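J.: See coords.cif below, with mmCIF, C-alpha atoms.
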data_run
loop_
_atom_site.label_atom_id
_atom_site.label_comp_id
_atom_site.auth_asym_id
_atom_site.auth_seq_id
_atom_site.Cartn_x
_atom_site.Cartn_y
_atom_site.Cartn_z
CA MET A 15 -96.89 -208.03 75.17
CA ILE A 16 -93.95 -207.04 73.03
CA ALA A 17 -92.00 -209.23 70.63
CA LEU A 18 -89.02 -208.80 68.32
CA ARG A 19 -89.12 -211.28 65.46
CA ALA A 20 -86.49 -212.22 62.90
CA GLU A 21 -89.04 -214.34 60.99
CA PRO A 22 -92.18 -213.19 59.14
CA PHE A 23 -95.40 -213.16 61.17
CA ASP A 24 -99.07 -213.58 60.32
CA ALA A 25 -100.86 -210.40 61.45
CA SER A 26 -104.33 -212.00 61.29
CA ALA A 27 -103.17 -214.85 63.56
CA LEU A 28 -101.69 -212.31 66.00
CA LEU A 29 -104.99 -210.40 66.04
CA ALA A 30 -106.96 -213.60 66.66
CA GLU A 31 -104.70 -214.49 69.63
CA PHE A 32 -104.92 -210.95 70.97
CA THR A 33 -108.73 -210.92 70.69
CA ALA A 34 -108.98 -214.26 72.49
CA ARG A 35 -106.89 -212.86 75.38
CA ALA A 36 -108.70 -209.52 75.65
CA ALA A 37 -111.65 -210.67 77.75
CA GLY A 38 -113.87 -207.81 78.88
CA ALA A 39 -112.69 -205.29 76.28
CA GLY A 40 -115.25 -203.13 74.51
CA ALA A 41 -112.91 -202.21 71.67
CA ILE A 42 -109.87 -203.62 69.90
CA VAL A 43 -107.93 -201.62 67.30
CA SER A 44 -105.04 -203.07 65.36
CA PHE A 45 -102.54 -201.73 62.83
CA THR A 46 -100.24 -203.66 60.51
CA GLY A 47 -97.38 -201.90 58.71
CA LEU A 48 -96.03 -203.46 55.52
CA VAL A 49 -92.77 -203.07 53.62
CA ARG A 50 -93.49 -200.80 50.65
CA ASP A 51 -92.58 -201.88 47.13
CA GLU A 52 -91.55 -198.37 46.02
CA ASN A 53 -90.07 -195.27 47.64
CA ASP A 54 -88.80 -191.97 46.23
CA GLY A 55 -89.71 -193.16 42.76
CA GLY A 56 -87.53 -196.29 42.93
CA ALA A 57 -88.57 -199.92 43.21
CA VAL A 58 -87.81 -201.36 46.67
CA LEU A 59 -86.20 -204.80 46.39
CA GLY A 60 -85.96 -205.42 50.13
CA LEU A 61 -85.54 -203.86 53.55
CA GLU A 62 -82.93 -204.51 56.22
CA LEU A 63 -83.91 -203.53 59.72
CA ASP A 64 -81.01 -202.99 62.11
CA HIS A 65 -81.66 -202.95 65.86
CA HIS A 66 -79.84 -203.09 69.20
CA PRO A 67 -80.74 -206.38 70.84
CA ARG A 68 -81.12 -205.01 74.39
CA LEU A 69 -81.85 -201.28 73.96
CA THR A 70 -84.58 -201.96 71.40
CA GLU A 71 -86.36 -204.39 73.69
CA GLN A 72 -86.07 -201.98 76.64
CA ALA A 73 -87.46 -199.13 74.53
CA LEU A 74 -90.39 -201.27 73.34
CA HIS A 75 -91.22 -202.14 76.95
CA GLY A 76 -91.12 -198.41 77.77
CA VAL A 77 -93.56 -197.57 74.97
CA GLU A 78 -95.82 -200.43 76.08
CA ARG A 79 -95.88 -199.18 79.70
CA ASP A 80 -96.50 -195.57 78.63
CA ALA A 81 -99.37 -196.53 76.31
CA VAL A 82 -101.11 -198.73 78.90
CA ALA A 83 -100.91 -195.99 81.54
CA ARG A 84 -101.85 -193.11 79.26
CA PHE A 85 -104.84 -194.72 77.53
CA ASP A 86 -106.05 -196.99 80.33
CA LEU A 87 -105.67 -200.10 78.18
CA LEU A 88 -106.71 -203.59 79.15
CA ASP A 89 -104.01 -205.09 76.93
CA ILE A 90 -101.55 -204.16 74.20
CA ALA A 91 -99.42 -206.04 71.70
CA ILE A 92 -96.42 -204.64 69.82
CA VAL A 93 -94.67 -207.03 67.44
CA HIS A 94 -91.77 -205.70 65.34
CA ARG A 95 -89.57 -207.42 62.79
CA HIS A 96 -85.82 -207.07 62.45
CA GLY A 97 -83.35 -208.42 59.93
CA ALA A 98 -84.08 -208.92 56.23
CA LEU A 99 -87.62 -208.26 54.96
CA ALA A 100 -89.20 -208.55 51.52
CA PRO A 101 -91.66 -206.04 50.01
CA GLY A 102 -95.22 -206.75 51.15
CA GLU A 103 -94.16 -208.46 54.38
CA PRO A 104 -95.55 -207.14 57.67
CA ILE A 105 -92.93 -205.11 59.55
CA VAL A 106 -94.97 -204.09 62.60
CA PHE A 107 -98.20 -205.13 64.31
CA VAL A 108 -99.80 -203.07 67.08
CA ALA A 109 -103.07 -203.91 68.82
CA ALA A 110 -104.76 -202.20 71.76
CA ALA A 111 -107.72 -203.38 73.82
CA ALA A 112 -109.72 -200.88 75.88
CA ALA A 113 -113.15 -200.36 77.37
CA HIS A 114 -114.07 -197.85 74.64
CA ARG A 115 -112.97 -197.23 71.06
CA ARG A 116 -111.33 -193.80 71.41
CA SER A 117 -108.64 -195.04 73.82
CA ALA A 118 -107.86 -198.01 71.57
CA PHE A 119 -107.59 -195.87 68.40
CA ASP A 120 -105.43 -193.25 70.15
CA ALA A 121 -103.16 -195.84 71.76
CA VAL A 122 -102.30 -197.49 68.45
CA ASP A 123 -101.67 -194.09 66.81
CA TYR A 124 -99.45 -193.09 69.77
CA VAL A 125 -97.44 -196.33 69.69
CA MET A 126 -96.78 -195.96 65.95
CA ASP A 127 -95.59 -192.35 66.43
CA ARG A 128 -93.24 -193.47 69.22
CA LEU A 129 -91.90 -196.34 67.09
CA LYS A 130 -90.94 -193.95 64.29
CA THR A 131 -88.70 -191.75 66.43
CA ASP A 132 -88.01 -193.25 69.88
CA VAL A 133 -87.19 -196.94 69.43
CA PRO A 134 -83.78 -198.08 68.15
CA PHE A 135 -84.56 -199.39 64.68
CA TRP A 136 -82.74 -198.35 61.53
CA LYS A 137 -84.06 -199.15 58.06
CA ARG A 138 -81.97 -199.67 54.97
CA GLU A 139 -83.86 -200.05 51.71
CA ARG A 140 -82.37 -201.95 48.84
CA ARG A 141 -83.60 -200.22 45.67
CA ASP A 142 -82.69 -200.75 42.06
CA ASP A 143 -80.24 -197.82 42.37
CA GLY A 144 -78.46 -199.12 45.51
CA ALA A 145 -78.94 -199.26 49.30
CA HIS A 146 -80.30 -196.26 51.23
CA TRP A 147 -80.48 -195.77 55.00
CA LEU A 148 -83.78 -194.16 56.01
CA GLU A 149 -84.32 -191.78 58.90
CA ALA A 150 -87.49 -190.46 60.46
CA ARG A 151 -89.03 -187.71 58.32
CA ALA A 152 -89.88 -184.22 59.58
CA GLY A 153 -93.54 -185.29 59.59
CA ASP A 154 -92.71 -188.19 61.92
CA HIS A 155 -91.25 -185.76 64.47
CA GLU A 156 -94.31 -183.50 64.14
CA ASP A 157 -96.53 -186.54 64.74
CA ARG A 158 -94.49 -187.44 67.83
CA ARG A 159 -95.03 -183.93 69.28
CA ARG A 160 -98.82 -184.31 69.10
CA TRP A 161 -98.76 -186.43 72.27
CA MET B 10 -63.80 -200.64 75.85
CA LYS B 11 -66.20 -202.04 73.28
CA ILE B 12 -67.51 -199.52 70.74
CA LEU B 13 -70.54 -200.36 68.61
CA PHE B 14 -72.05 -198.53 65.68
CA PHE B 15 -75.63 -198.90 64.48
CA GLY B 16 -77.64 -197.99 61.40
CA ARG B 17 -75.75 -195.94 58.80
CA LEU B 18 -72.78 -195.65 61.20
CA ARG B 19 -72.09 -199.35 60.57
CA ASP B 20 -70.87 -198.40 57.10
CA GLY B 21 -67.77 -196.65 58.53
CA PRO B 22 -64.55 -198.24 59.81
CA PRO B 23 -64.53 -199.94 63.24
CA ALA B 24 -62.96 -198.05 66.15
CA GLY B 25 -59.34 -198.74 67.05
CA PRO B 26 -58.00 -199.06 70.64
CA VAL B 27 -59.20 -196.12 72.75
CA PRO B 28 -56.37 -193.96 74.20
CA SER B 29 -56.12 -194.02 78.00
CA GLY B 30 -56.78 -190.27 78.20
CA VAL B 31 -60.33 -190.73 76.89
CA ARG B 32 -62.44 -190.92 80.05
CA ASP B 33 -65.91 -189.68 79.12
CA THR B 34 -68.42 -189.96 76.30
CA GLU B 35 -67.76 -186.51 74.85
CA ALA B 36 -63.98 -187.08 74.80
CA LEU B 37 -64.66 -190.41 73.08
CA ARG B 38 -66.94 -188.74 70.54
CA ALA B 39 -64.30 -186.06 69.86
CA TRP B 40 -61.53 -188.66 69.49
CA LEU B 41 -63.56 -190.85 67.10
CA GLY B 42 -64.80 -187.75 65.28
CA GLY B 43 -61.25 -186.96 64.19
CA ASP B 44 -61.56 -189.69 61.56
CA ARG B 45 -65.34 -189.78 61.35
CA PRO B 46 -66.81 -186.27 61.62
CA GLU B 47 -70.35 -187.62 61.24
CA LEU B 48 -70.07 -188.80 64.88
CA LEU B 49 -69.77 -185.19 66.08
CA ASP B 50 -73.36 -184.42 65.00
CA THR B 51 -75.55 -183.95 68.06
CA SER B 52 -78.27 -186.07 66.44
CA ILE B 53 -76.01 -189.09 67.13
CA ARG B 54 -76.97 -190.40 70.56
CA ILE B 55 -74.68 -192.42 72.81
CA ALA B 56 -75.57 -195.38 75.02
CA VAL B 57 -73.25 -196.65 77.75
CA ASN B 58 -73.88 -200.21 78.91
CA ASP B 59 -77.37 -200.29 77.37
CA GLU B 60 -78.49 -196.91 78.68
CA ILE B 61 -78.83 -193.80 76.50
CA VAL B 62 -76.98 -190.98 78.27
CA PRO B 63 -78.23 -187.40 77.93
CA GLY B 64 -74.83 -185.68 78.22
CA LYS B 65 -71.24 -186.24 79.25
CA GLN B 66 -70.84 -189.51 81.11
CA PRO B 67 -67.65 -191.18 82.45
CA VAL B 68 -66.51 -194.26 80.54
CA GLU B 69 -63.89 -196.82 81.49
CA GLU B 70 -62.28 -200.06 80.40
CA GLY B 71 -64.89 -202.80 80.10
CA ASP B 72 -67.75 -200.44 79.18
CA GLU B 73 -69.78 -200.95 76.03
CA VAL B 74 -70.46 -197.69 74.19
CA ALA B 75 -72.99 -197.59 71.34
CA PHE B 76 -73.38 -194.76 68.79
CA LEU B 77 -76.98 -194.44 67.63
CA PRO B 78 -78.05 -192.36 64.62
CA PRO B 79 -81.63 -190.99 64.39
CA MET B 80 -84.09 -193.87 64.49
CA SER B 81 -86.56 -195.07 61.88
CA GLY B 82 -88.82 -197.82 63.17
CA GLY B 83 -92.44 -198.67 62.54
#
What's the structure tokens form of this structure?
T.:
Amino acid sequence: MIALRAEPFDASALLAEFTARAAGAGAIVSFTGLVRDENDGGAVLGLELDHHPRLTEQALHGVERDAVARFDLLDIAIVHRHGALAPGEPIVFVAAAAAHRRSAFDAVDYVMDRLKTDVPFWKRERRDDGAHWLEARAGDHEDRRRW
Amino acid sequence: MKILFFGRLRDGPPAGPVPSGVRDTEALRAWLGGDRPELLDTSIRIAVNDEIVPGKQPVEEGDEVAFLPPMSGG
């Protein structure tokens, strides 16, 4: 399941729904990413997340398919915000259900690395010194190459 | 032709009418890059009609062409 949401979501409710659906799984791993309240030494006042309505959804489906095939998952959920976000709000939720824990841990790690570099999202932070577009860091590309 | 900019490229001016001699993505990039050299950077990917194209691709009237800077999701 993938979802693009303009409104805030409740990660614990998403995990409860996912767990209820994942009958027969031996392991569920989930990750929730939050909007930071500081970056590069400046206070973050908010985050705008630009996306491409069709390409972003296609790319998320591609990551979902790749993760299910690669890690032999029983189920996966990727929920990503777009639009205007406030510090502390969840920006992304990823959950993977598998027969054993290693596949579920690896799948979530893999999906997060793909999201950083391969899916059309662009972040602009509003800080006290103005607005800054963010791009994937060198470390994000190194993480992507691990897979 | 509809030309869309995403991420930091949104901060620049919108594209004007595309000259009739511009018939592929690289010619389009070169034409737009005259005013906006940041578009010439190879890290800027191009999508034609919702598909990211790896290299030079024909474009024509009615196509939607999107310029995509490096991504930063998650």
J.: Evaluate the PyMOL selection byres ((chain A) within 8 of (chain B)) on the structure here and hand back the selected residues as a list in words.
T.: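 Written out, the selection comes to Gly47, Asp64, His65, His66, Arg68, Leu69, His94, Ile105, Val106, Met126, Leu129, Lys130, Thr131, Asp132, Val133, Pro134, Phe135, Trp136, Lys137, Arg138, Trp147, Leu148, Glu149 and Ala150 of chain A.
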J.: Write the residues you've just listed into a file as a compact mmCIF listing (two decimals), in the frame of the given file, and include C-alpha atoms for each of them.
T.:
# COMPACT_ATOMS: atom_id res chain seq x y z
CA GLY A 47 -97.38 -201.90 58.71
CA ASP A 64 -81.01 -202.99 62.11
CA HIS A 65 -81.66 -202.95 65.86
CA HIS A 66 -79.84 -203.09 69.20
CA ARG A 68 -81.12 -205.01 74.39
CA LEU A 69 -81.85 -201.28 73.96
CA HIS A 94 -91.77 -205.70 65.34
CA ILE A 105 -92.93 -205.11 59.55
CA VAL A 106 -94.97 -204.09 62.60
CA MET A 126 -96.78 -195.96 65.95
CA LEU A 129 -91.90 -196.34 67.09
CA LYS A 130 -90.94 -193.95 64.29
CA THR A 131 -88.70 -191.75 66.43
CA ASP A 132 -88.01 -193.25 69.88
CA VAL A 133 -87.19 -196.94 69.43
CA PRO A 134 -83.78 -198.08 68.15
CA PHE A 135 -84.56 -199.39 64.68
CA TRP A 136 -82.74 -198.35 61.53
CA LYS A 137 -84.06 -199.15 58.06
CA ARG A 138 -81.97 -199.67 54.97
CA TRP A 147 -80.48 -195.77 55.00
CA LEU A 148 -83.78 -194.16 56.01
CA GLU A 149 -84.32 -191.78 58.90
CA ALA A 150 -87.49 -190.46 60.46
J.: I'd like to see the residues matched by the PyMOL selection byres ((chain A and resi 76-92) around 9) on this file, and ideally I'd get them as a count of residues only.
T.: 39
J.: Just the number, please: distance in Å from CA of His146 (chain A) to CA of Leu63 (chain A), one decimal.
T.: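 It comes out at 11.7 Å.
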J.: Neighbours of Asp44 (chain B) within 10 Å (only C-alpha atoms; same-chain residues fewer than 5 positions away dropped), as a list of chain:residue names?
T.: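 The residues satisfying every condition are B:Gly21, B:Pro22, B:Ala24, B:Ala39.
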J.: Kindly resolve the PyMOL selection byres ((chain B and resi 41) around 12) on the present coordinates and return the residues as a ChimeraX atom specification.
T.: /B:12-14,18,21-28,31,34-40,42-50,76
J.: As an exercise, work out the distance from CA of Glu70 (chain B) to CA of Met10 (chain B) in Å and give it to one decimal place.
T.: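 It comes out at 4.8 Å.
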J.: Could you tell me how far CA of Ser52 (chain B) lies from CA of Asp154 (chain A), in Å and to one decimal?
T.: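 Going from CA of Ser52 (chain B) over to CA of Asp154 (chain A) covers 15.3 Å.
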J.: As lines of an AutoDock Vina configuration file, please report the centre and edge lengths, rounded to one decimal in Å, of the axis-aligned box that holds all listed atoms of region 113-129 of chain A with 6 Å of padding on each of the six sides.
T.:
center_x = -103.0
center_y = -196.4
center_z = 71.7
size_x = 34.2
size_y = 20.0
size_z = 23.4
J.: For region 105-141 of chain A, supply N, CA and C atoms and report the output as an mmCIF file, keeping the file's coordinate frame.
T.:
data_model
loop_
_atom_site.group_PDB
_atom_site.id
_atom_site.type_symbol
_atom_site.label_atom_id
_atom_site.label_comp_id
_atom_site.auth_asym_id
_atom_site.auth_seq_id
_atom_site.Cartn_x
_atom_site.Cartn_y
_atom_site.Cartn_z
ATOM 1 N N ILE A 105 -94.118 -205.544 58.800
ATOM 2 C CA ILE A 105 -92.930 -205.110 59.550
ATOM 3 C C ILE A 105 -93.291 -204.849 61.008
ATOM 4 N N VAL A 106 -94.549 -204.394 61.235
ATOM 5 C CA VAL A 106 -94.970 -204.090 62.600
ATOM 6 C C VAL A 106 -96.453 -204.395 62.758
ATOM 7 N N PHE A 107 -96.800 -204.878 63.959
ATOM 8 C CA PHE A 107 -98.200 -205.130 64.310
ATOM 9 C C PHE A 107 -98.419 -204.510 65.692
ATOM 10 N N VAL A 108 -99.448 -203.668 65.786
ATOM 11 C CA VAL A 108 -99.800 -203.070 67.080
ATOM 12 C C VAL A 108 -101.282 -203.292 67.305
ATOM 13 N N ALA A 109 -101.651 -203.772 68.475
ATOM 14 C CA ALA A 109 -103.070 -203.910 68.820
ATOM 15 C C ALA A 109 -103.286 -203.392 70.232
ATOM 16 N N ALA A 110 -104.411 -202.725 70.443
ATOM 17 C CA ALA A 110 -104.760 -202.200 71.760
ATOM 18 C C ALA A 110 -106.187 -202.610 72.092
ATOM 19 N N ALA A 111 -106.383 -203.023 73.330
ATOM 20 C CA ALA A 111 -107.720 -203.380 73.820
ATOM 21 C C ALA A 111 -108.081 -202.422 74.947
ATOM 22 N N ALA A 112 -109.286 -201.860 74.876
ATOM 23 C CA ALA A 112 -109.720 -200.880 75.880
ATOM 24 C C ALA A 112 -111.217 -201.030 76.098
ATOM 25 N N ALA A 113 -111.718 -200.306 77.093
ATOM 26 C CA ALA A 113 -113.150 -200.360 77.370
ATOM 27 C C ALA A 113 -113.934 -199.693 76.233
ATOM 28 N N HIS A 114 -113.365 -198.615 75.675
ATOM 29 C CA HIS A 114 -114.070 -197.850 74.640
ATOM 30 C C HIS A 114 -113.148 -197.571 73.450
ATOM 31 N N ARG A 115 -113.751 -197.286 72.288
ATOM 32 C CA ARG A 115 -112.970 -197.230 71.060
ATOM 33 C C ARG A 115 -111.921 -196.126 71.015
ATOM 34 N N ARG A 116 -112.234 -194.944 71.581
ATOM 35 C CA ARG A 116 -111.330 -193.800 71.410
ATOM 36 C C ARG A 116 -109.944 -194.106 71.998
ATOM 37 N N SER A 117 -109.929 -194.710 73.180
ATOM 38 C CA SER A 117 -108.640 -195.040 73.820
ATOM 39 C C SER A 117 -107.861 -196.018 72.952
ATOM 40 N N ALA A 118 -108.553 -196.991 72.366
ATOM 41 C CA ALA A 118 -107.860 -198.010 71.570
ATOM 42 C C ALA A 118 -107.293 -197.391 70.285
ATOM 43 N N PHE A 119 -108.101 -196.548 69.601
ATOM 44 C CA PHE A 119 -107.590 -195.870 68.400
ATOM 45 C C PHE A 119 -106.369 -195.007 68.745
ATOM 46 N N ASP A 120 -106.508 -194.185 69.797
ATOM 47 C CA ASP A 120 -105.430 -193.250 70.150
ATOM 48 C C ASP A 120 -104.166 -194.003 70.552
ATOM 49 N N ALA A 121 -104.336 -195.093 71.272
ATOM 50 C CA ALA A 121 -103.160 -195.840 71.760
ATOM 51 C C ALA A 121 -102.346 -196.388 70.590
ATOM 52 N N VAL A 122 -103.018 -196.910 69.593
ATOM 53 C CA VAL A 122 -102.300 -197.490 68.450
ATOM 54 C C VAL A 122 -101.583 -196.378 67.672
ATOM 55 N N ASP A 123 -102.258 -195.249 67.492
ATOM 56 C CA ASP A 123 -101.670 -194.090 66.810
ATOM 57 C C ASP A 123 -100.423 -193.619 67.573
ATOM 58 N N TYR A 124 -100.558 -193.517 68.893
ATOM 59 C CA TYR A 124 -99.450 -193.090 69.770
ATOM 60 C C TYR A 124 -98.263 -194.043 69.669
ATOM 61 N N VAL A 125 -98.533 -195.339 69.741
ATOM 62 C CA VAL A 125 -97.440 -196.330 69.690
ATOM 63 C C VAL A 125 -96.705 -196.223 68.360
ATOM 64 N N MET A 126 -97.449 -196.066 67.259
ATOM 65 C CA MET A 126 -96.780 -195.960 65.950
ATOM 66 C C MET A 126 -95.913 -194.695 65.879
ATOM 67 N N ASP A 127 -96.401 -193.577 66.435
ATOM 68 C CA ASP A 127 -95.590 -192.350 66.430
ATOM 69 C C ASP A 127 -94.322 -192.545 67.256
ATOM 70 N N ARG A 128 -94.429 -193.217 68.396
ATOM 71 C CA ARG A 128 -93.240 -193.470 69.220
ATOM 72 C C ARG A 128 -92.258 -194.382 68.493
ATOM 73 N N LEU A 129 -92.783 -195.392 67.790
ATOM 74 C CA LEU A 129 -91.900 -196.340 67.090
ATOM 75 C C LEU A 129 -91.057 -195.643 66.023
ATOM 76 N N LYS A 130 -91.643 -194.623 65.386
ATOM 77 C CA LYS A 130 -90.940 -193.950 64.290
ATOM 78 C C LYS A 130 -89.721 -193.176 64.763
ATOM 79 N N THR A 131 -89.762 -192.676 66.011
ATOM 80 C CA THR A 131 -88.700 -191.750 66.430
ATOM 81 C C THR A 131 -87.970 -192.163 67.704
ATOM 82 N N ASP A 132 -88.557 -193.023 68.529
ATOM 83 C CA ASP A 132 -88.010 -193.250 69.880
ATOM 84 C C ASP A 132 -87.466 -194.652 70.121
ATOM 85 N N VAL A 133 -87.615 -195.555 69.193
ATOM 86 C CA VAL A 133 -87.190 -196.940 69.430
ATOM 87 C C VAL A 133 -86.048 -197.266 68.472
ATOM 88 N N PRO A 134 -84.956 -197.846 68.993
ATOM 89 C CA PRO A 134 -83.780 -198.080 68.150
ATOM 90 C C PRO A 134 -84.002 -199.112 67.034
ATOM 91 N N PHE A 135 -84.506 -198.626 65.926
ATOM 92 C CA PHE A 135 -84.560 -199.390 64.680
ATOM 93 C C PHE A 135 -83.986 -198.493 63.586
ATOM 94 N N TRP A 136 -83.287 -199.109 62.664
ATOM 95 C CA TRP A 136 -82.740 -198.350 61.530
ATOM 96 C C TRP A 136 -83.009 -199.149 60.268
ATOM 97 N N LYS A 137 -83.662 -198.470 59.306
ATOM 98 C CA LYS A 137 -84.060 -199.150 58.060
ATOM 99 C C LYS A 137 -83.075 -198.844 56.940
ATOM 100 N N ARG A 138 -82.729 -199.869 56.202
ATOM 101 C CA ARG A 138 -81.970 -199.670 54.970
ATOM 102 C C ARG A 138 -82.735 -200.340 53.835
ATOM 103 N N GLU A 139 -83.138 -199.522 52.879
ATOM 104 C CA GLU A 139 -83.860 -200.050 51.710
ATOM 105 C C GLU A 139 -82.875 -200.442 50.634
ATOM 106 N N ARG A 140 -83.100 -201.593 50.066
ATOM 107 C CA ARG A 140 -82.370 -201.950 48.840
ATOM 108 C C ARG A 140 -83.285 -201.597 47.675
ATOM 109 N N ARG A 141 -82.824 -200.620 46.856
ATOM 110 C CA ARG A 141 -83.600 -200.220 45.670
ATOM 111 C C ARG A 141 -82.791 -200.582 44.431
#
